[in-house]
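Structure file run-v5.pdb with PDB, C-alpha atoms and all ligand atoms:
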```
ATOM      1  CA  MET A   8     232.638 272.562 -51.501
ATOM      2  CA  ARG A   9     235.677 272.068 -53.731
ATOM      3  CA  PHE A  10     239.114 271.276 -52.433
ATOM      4  CA  LEU A  11     242.489 272.342 -53.706
ATOM      5  CA  VAL A  12     245.116 270.014 -52.276
ATOM      6  CA  ASP A  13     248.799 270.855 -52.008
ATOM      7  CA  GLY A  14     251.606 268.616 -53.280
ATOM      8  CA  MET A  15     252.274 267.001 -49.892
ATOM      9  CA  LEU A  16     248.777 265.585 -49.565
ATOM     10  CA  GLY A  17     248.405 263.398 -52.647
ATOM     11  CA  ARG A  18     247.018 260.453 -50.732
ATOM     12  CA  LEU A  19     244.470 262.640 -49.018
ATOM     13  CA  ALA A  20     243.385 263.926 -52.428
ATOM     14  CA  ARG A  21     242.667 260.337 -53.479
ATOM     15  CA  TRP A  22     240.669 259.680 -50.334
ATOM     16  CA  LEU A  23     238.556 262.784 -50.809
ATOM     17  CA  ARG A  24     237.771 261.751 -54.374
ATOM     18  CA  ILE A  25     236.726 258.291 -53.209
ATOM     19  CA  LEU A  26     234.397 260.081 -50.782
ATOM     20  CA  GLY A  27     232.845 261.975 -53.686
ATOM     21  CA  GLN A  28     234.513 265.345 -53.133
ATOM     22  CA  ASP A  29     235.485 267.629 -55.968
ATOM     23  CA  VAL A  30     239.278 267.780 -55.675
ATOM     24  CA  ARG A  31     241.945 269.497 -57.664
ATOM     25  CA  TYR A  32     245.439 268.178 -57.121
ATOM     26  CA  ASP A  33     248.618 268.667 -59.056
ATOM     27  CA  ALA A  34     251.853 268.009 -57.186
ATOM     28  CA  SER A  35     253.748 270.530 -59.293
ATOM     29  CA  THR A  36     251.576 273.569 -58.531
ATOM     30  CA  ARG A  37     253.574 276.231 -56.684
ATOM     31  CA  ASP A  38     252.367 278.070 -53.593
ATOM     32  CA  ASN A  39     251.551 281.372 -55.320
ATOM     33  CA  GLU A  40     249.588 279.500 -57.951
ATOM     34  CA  LEU A  41     247.694 277.523 -55.283
ATOM     35  CA  LEU A  42     246.684 280.769 -53.580
ATOM     36  CA  ARG A  43     245.572 282.302 -56.866
ATOM     37  CA  ILE A  44     243.495 279.264 -57.871
ATOM     38  CA  ALA A  45     241.900 278.895 -54.429
ATOM     39  CA  HIS A  46     240.969 282.562 -54.472
ATOM     40  CA  GLU A  47     239.687 282.766 -58.055
ATOM     41  CA  ASP A  48     237.869 279.436 -58.075
ATOM     42  CA  ASN A  49     236.620 279.738 -54.516
ATOM     43  CA  MET A  50     238.172 276.478 -53.373
ATOM     44  CA  VAL A  51     239.185 275.249 -49.930
ATOM     45  CA  LEU A  52     242.966 274.990 -49.717
ATOM     46  CA  LEU A  53     244.297 271.968 -47.831
ATOM     47  CA  THR A  54     247.956 272.128 -46.917
ATOM     48  CA  ARG A  55     250.564 270.830 -44.485
ATOM     49  CA  ASP A  56     252.637 273.964 -44.911
ATOM     50  CA  GLU A  57     252.056 276.364 -42.023
ATOM     51  CA  GLU A  58     253.386 279.346 -43.932
ATOM     52  CA  LEU A  59     251.115 278.684 -46.903
ATOM     53  CA  TYR A  60     248.188 278.242 -44.547
ATOM     54  CA  GLN A  61     248.885 281.600 -42.889
ATOM     55  CA  ARG A  62     249.125 283.303 -46.270
ATOM     56  CA  ALA A  63     245.784 281.786 -47.294
ATOM     57  CA  ILE A  64     244.070 282.893 -44.094
ATOM     58  CA  ALA A  65     245.470 286.423 -44.499
ATOM     59  CA  ARG A  66     243.808 286.540 -47.935
ATOM     60  CA  LYS A  67     240.529 285.270 -46.537
ATOM     61  CA  ILE A  68     240.853 281.993 -48.433
ATOM     62  CA  LEU A  69     239.090 279.112 -46.713
ATOM     63  CA  SER A  70     241.917 276.783 -45.724
ATOM     64  CA  ALA A  71     242.869 274.004 -43.340
ATOM     65  CA  LEU A  72     246.278 273.142 -41.975
ATOM     66  CA  VAL A  73     246.193 269.354 -42.147
ATOM     67  CA  LEU A  74     248.107 268.139 -39.132
ATOM     68  CA  GLY A  75     247.418 264.419 -38.802
ATOM     69  CA  GLU A  76     250.149 261.896 -39.594
ATOM     70  CA  THR A  77     247.752 259.125 -40.625
ATOM     71  CA  GLU A  78     244.964 259.138 -43.214
ATOM     72  CA  GLU A  79     242.506 258.397 -40.403
ATOM     73  CA  GLU A  80     243.517 261.531 -38.495
ATOM     74  CA  ARG A  81     243.428 263.678 -41.616
ATOM     75  CA  LEU A  82     240.019 262.430 -42.698
ATOM     76  CA  ALA A  83     238.632 262.924 -39.197
ATOM     77  CA  GLN A  84     239.867 266.525 -39.237
ATOM     78  CA  LEU A  85     238.103 267.217 -42.545
ATOM     79  CA  ALA A  86     234.928 265.559 -41.329
ATOM     80  CA  THR A  87     234.786 267.753 -38.222
ATOM     81  CA  THR A  88     235.975 270.960 -39.913
ATOM     82  CA  PHE A  89     234.066 270.823 -43.197
ATOM     83  CA  GLY A  90     231.468 268.123 -42.646
ATOM     84  CA  VAL A  91     233.022 265.796 -45.233
ATOM     85  CA  SER A  92     231.033 262.556 -45.217
ATOM     86  CA  LEU A  93     233.097 259.490 -44.335
ATOM     87  CA  ASN A  94     230.738 257.153 -46.181
ATOM     88  CA  VAL A  95     231.420 255.938 -49.704
ATOM     89  CA  ASN A  96     228.578 256.230 -52.165
ATOM     90  CA  MET A  97     229.779 254.831 -55.488
ATOM     91  CA  ALA A  98     227.249 256.997 -57.350
ATOM     92  CA  GLU A  99     229.168 260.042 -56.044
ATOM     93  CA  THR A 100     232.703 258.659 -56.025
ATOM     94  CA  LYS A 101     235.229 260.378 -58.274
ATOM     95  CA  CYS A 102     238.175 258.739 -59.973
ATOM     96  CA  PRO A 103     241.029 258.785 -57.399
ATOM     97  CA  GLU A 104     243.543 259.259 -60.220
ATOM     98  CA  CYS A 105     242.069 262.248 -62.020
ATOM     99  CA  GLY A 106     238.985 263.420 -60.133
ATOM    100  CA  SER A 107     236.504 262.859 -62.973
ATOM    101  CA  GLY A 108     233.170 261.125 -62.465
ATOM    102  CA  LEU A 109     232.742 257.359 -62.615
ATOM    103  CA  GLN A 110     230.126 255.504 -64.601
ATOM    104  CA  GLU A 111     228.882 252.060 -63.709
ATOM    105  CA  THR A 112     229.574 249.868 -66.711
ATOM    106  CA  PRO A 113     228.031 246.467 -67.469
ATOM    107  CA  LYS A 114     230.290 243.489 -66.942
ATOM    108  CA  SER A 115     229.859 242.469 -70.575
ATOM    109  CA  GLU A 116     231.544 245.693 -71.695
ATOM    110  CA  VAL A 117     234.570 245.552 -69.432
ATOM    111  CA  ALA A 118     235.846 242.037 -70.113
ATOM    112  CA  HIS A 119     238.921 243.288 -71.984
ATOM    113  CA  GLU A 120     239.751 245.972 -69.388
ATOM    114  CA  VAL A 121     239.633 243.987 -66.154
ATOM    115  CA  PRO A 122     241.803 241.052 -65.033
ATOM    116  CA  LYS A 123     240.058 237.708 -65.516
ATOM    117  CA  ALA A 124     240.221 236.852 -61.810
ATOM    118  CA  SER A 125     238.409 240.079 -60.890
ATOM    119  CA  LEU A 126     235.775 239.479 -63.558
ATOM    120  CA  LYS A 127     235.059 236.130 -61.998
ATOM    121  CA  LEU A 128     234.846 237.462 -58.441
ATOM    122  CA  TYR A 129     232.959 240.734 -58.863
ATOM    123  CA  ASP A 130     229.814 241.902 -60.603
ATOM    124  CA  GLN A 131     229.940 245.676 -60.443
ATOM    125  CA  PHE A 132     232.449 247.776 -62.320
ATOM    126  CA  TRP A 133     232.907 251.505 -62.730
ATOM    127  CA  LYS A 134     234.827 253.331 -65.401
ATOM    128  CA  CYS A 135     236.335 256.804 -65.225
ATOM    129  CA  THR A 136     234.446 259.090 -67.613
ATOM    130  CA  ASN A 137     237.600 261.012 -68.542
ATOM    131  CA  GLN A 138     238.659 259.557 -71.899
ATOM    132  CA  ASN A 139     242.319 260.275 -71.197
ATOM    133  CA  CYS A 140     242.163 258.268 -67.969
ATOM    134  CA  GLY A 141     239.466 255.606 -68.352
ATOM    135  CA  LYS A 142     240.567 253.663 -65.288
ATOM    136  CA  MET A 143     238.378 250.788 -64.133
ATOM    137  CA  TYR A 144     237.277 250.287 -60.530
ATOM    138  CA  TRP A 145     235.608 247.517 -58.602
ATOM    139  CA  LEU A 146     235.142 246.768 -54.922
ATOM    140  CA  GLY A 147     238.027 244.309 -54.771
ATOM    141  CA  SER A 148     240.082 242.939 -51.918
ATOM    142  CA  HIS A 149     241.430 246.409 -51.032
ATOM    143  CA  TRP A 150     237.901 247.438 -50.176
ATOM    144  CA  ASN A 151     238.030 246.055 -46.636
ATOM    145  CA  ARG A 152     241.035 248.200 -45.858
ATOM    146  CA  ILE A 153     239.269 251.288 -47.201
ATOM    147  CA  ARG A 154     236.274 250.552 -45.004
ATOM    148  CA  GLN A 155     238.473 249.991 -41.948
ATOM    149  CA  THR A 156     240.256 253.292 -42.468
ATOM    150  CA  LEU A 157     236.934 255.110 -42.769
ATOM    151  CA  GLU A 158     235.510 253.431 -39.670
ATOM    152  CA  GLU A 159     238.608 254.459 -37.720
ATOM    153  CA  ALA A 160     238.307 258.021 -39.058
ATOM    154  CA  LYS A 161     234.649 258.123 -38.000
ATOM    155  CA  LYS A 162     235.566 257.082 -34.461
ATOM    156  CA  ARG A 163     238.179 259.820 -34.273
ATOM    157  CA  ALA A 164     235.786 262.391 -35.726
ATOM    158  CA  SER A 165     233.143 261.577 -33.118
ATOM    159  CA  LEU A 166     235.752 262.022 -30.356
ATOM    160  CA  GLU A 167     236.753 265.422 -31.712
ATOM    161  CA  GLU A 168     233.222 266.790 -31.907
TER     162      GLU A 168
HETATM  163 ZN    ZN A 201     240.177 259.047 -64.060
END
```

Take the structure from the file and write it as structure tokens.
Amino acid sequence: MRFLVDGMLGRLARWLRILGQDVRYDASTRDNELLRIAHEDNMVLLTRDEELYQRAIARKILSALVLGETEEERLAQLATTFGVSLNVNMAETKCPECGSGLQETPKSEVAHEVPKASLKLYDQFWKCTNQNCGKMYWLGSHWNRIRQTLEEAKKRASLEE
């Protein structure tokens, strides 16, 4: 399942990539273009725009009107509607910035790309495989917050089932 995410849901796009989903997101894509891409590339359109959602449904495009105000609510909705896994598997995780794959990279090769403090504290590093992006990732201090959000989303998803 591949997701096409509208301009109002940039944070959700990042979350879905962390969860390993194939996500296309470009804040500047207009509604007509979103509908065309979703149709031609057979993608699931995620939007907060009721009118756009109705247009998608009328064209038989798989779509969800994302209603939640918090990331937890939104993720729970996608878990119950499309079976999106709320567990992070770093082997599947995509770059939150650009959606490309990540490659685990030995510590010895990342010394010049990662802050010294993080090098000292962590042993596993991943690099975005897109040469134009190349962002580095590690399970740093923000990781606890990510896990908390996902745990909360899981609770909500189990209540909605
Ligand atoms: Zn990237």

message = Running the PyMOL selection byres (((not hetatm)) within 12 of (chain A and resi 201)) on this model by hand, what would come out? Give it as a list in words.
response =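 Listing what the PyMOL selection byres (((not hetatm)) within 12 of (chain A and resi 201)) selects in the shown file: Arg21, Arg24, Ile25, Thr100, Lys101, Cys102, Pro103, Glu104, Cys105, Gly106, Ser107, Gly108, Leu109, Gln110, Trp133, Lys134, Cys135, Thr136, Asn137, Gln138, Asn139, Cys140, Gly141, Lys142, Met143 and Tyr144 of chain A.
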
Please write out, as JSON, where the centre of an axis-aligned box around all listed atoms of range 121-132 of chain A lies and how long its edges are, in Å to one decimal, after adding 4 Å on each side.
```
{"center_x": 235.8, "center_y": 242.0, "center_z": -62.3, "size_x": 20.0, "size_y": 19.6, "size_z": 15.7}
```

Counting all atoms listed in the file, the residue among A:Leu16, A:Ala86, A:Val121, A:Ala160 that lies closest to Leu52 in chain A is A:Leu16

Running the PyMOL selection byres (((chain A and resi 116) around 12) and not hetatm) on this model by hand, what would come out? Give it as a list of chain:residue names.
A:Glu111, A:Thr112, A:Pro113, A:Lys114, A:Ser115, A:Val117, A:Ala118, A:His119, A:Glu120, A:Val121, A:Leu126, A:Asp130, A:Gln131, A:Phe132, A:Trp133, A:Lys134, A:Met143

What does the file look like for those residues with C-alpha atoms, as a compact mmCIF listing (two decimals), in the frame of the given file?
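Generated file (part27.txt):
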```txt
# COMPACT_ATOMS: atom_id res chain seq x y z
CA GLU A 111 228.88 252.06 -63.71
CA THR A 112 229.57 249.87 -66.71
CA PRO A 113 228.03 246.47 -67.47
CA LYS A 114 230.29 243.49 -66.94
CA SER A 115 229.86 242.47 -70.58
CA VAL A 117 234.57 245.55 -69.43
CA ALA A 118 235.85 242.04 -70.11
CA HIS A 119 238.92 243.29 -71.98
CA GLU A 120 239.75 245.97 -69.39
CA VAL A 121 239.63 243.99 -66.15
CA LEU A 126 235.78 239.48 -63.56
CA ASP A 130 229.81 241.90 -60.60
CA GLN A 131 229.94 245.68 -60.44
CA PHE A 132 232.45 247.78 -62.32
CA TRP A 133 232.91 251.50 -62.73
CA LYS A 134 234.83 253.33 -65.40
CA MET A 143 238.38 250.79 -64.13
```

Using all atoms listed in the file, which of the listed residues (A:Asp33, A:Glu159, A:Glu57, A:Glu99) sits closest to Ala20 in chain A?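 Comparing A:Asp33, A:Glu159, A:Glu57, A:Glu99 against Ala20 in chain A, the winner is A:Asp33.
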
Name the residues that the PyMOL selection byres (((chain A and resi 50) around 9) and not hetatm) pulls out of this structure, and write them as a CSV table (one decimal) with C-alpha atoms, keeping the file's coordinate frame.
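And here is the file that came out, expr.csv:
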```csv
chain,number,residue,atom,x,y,z
A,8,MET,CA,232.6,272.6,-51.5
A,9,ARG,CA,235.7,272.1,-53.7
A,10,PHE,CA,239.1,271.3,-52.4
A,11,LEU,CA,242.5,272.3,-53.7
A,44,ILE,CA,243.5,279.3,-57.9
A,45,ALA,CA,241.9,278.9,-54.4
A,46,HIS,CA,241.0,282.6,-54.5
A,47,GLU,CA,239.7,282.8,-58.1
A,48,ASP,CA,237.9,279.4,-58.1
A,49,ASN,CA,236.6,279.7,-54.5
A,51,VAL,CA,239.2,275.2,-49.9
A,52,LEU,CA,243.0,275.0,-49.7
A,68,ILE,CA,240.9,282.0,-48.4
A,69,LEU,CA,239.1,279.1,-46.7
A,70,SER,CA,241.9,276.8,-45.7
```

Restricting to all atoms listed in the file, whichever of A:Leu41, A:Ala65, A:Leu146, A:Leu53 is closest to Val12 in chain A is A:Leu53

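The space between CA of Phe89 in chain A and CA of Thr54 in chain A spans 14.4 Å.
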
Taking (234.9, 265.4, -38.3) in the coordinates of the supplied file, I want to know which residues reach to within 7 Å of it, counting all atoms listed in the file; could you give the answer as a list in words?
Ala83, Gln84, Leu85, Ala86, Thr87, Thr88, Gly90, Ala164, Ser165, Glu167 and Glu168 of chain A

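CA of Leu157 in chain A is positioned 8.9 Å from CA of Val95 in chain A.
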
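CA of Ile153 in chain A is positioned 12.0 Å from CA of Leu82 in chain A.
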
Pick the closest to Arg37 in chain A from A:Asp13, A:Val91, A:Leu19, A:Glu58: which is it, counting all atoms listed in the file?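 Under the stated criterion, the closest residue is A:Asp13.
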
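Proximity to Met15 in chain A was assessed for A:Arg55, A:Ser148, A:Asn96, A:Arg62 counting all atoms listed in the file; the smallest distance is recorded for A:Arg55.
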
From the list A:Glu76, A:Arg18, A:Gln28, A:Pro122, which residue is nearest Met97 in chain A when using all atoms listed in the file?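 For Met97 in chain A, the nearest of the given residues is A:Gln28.
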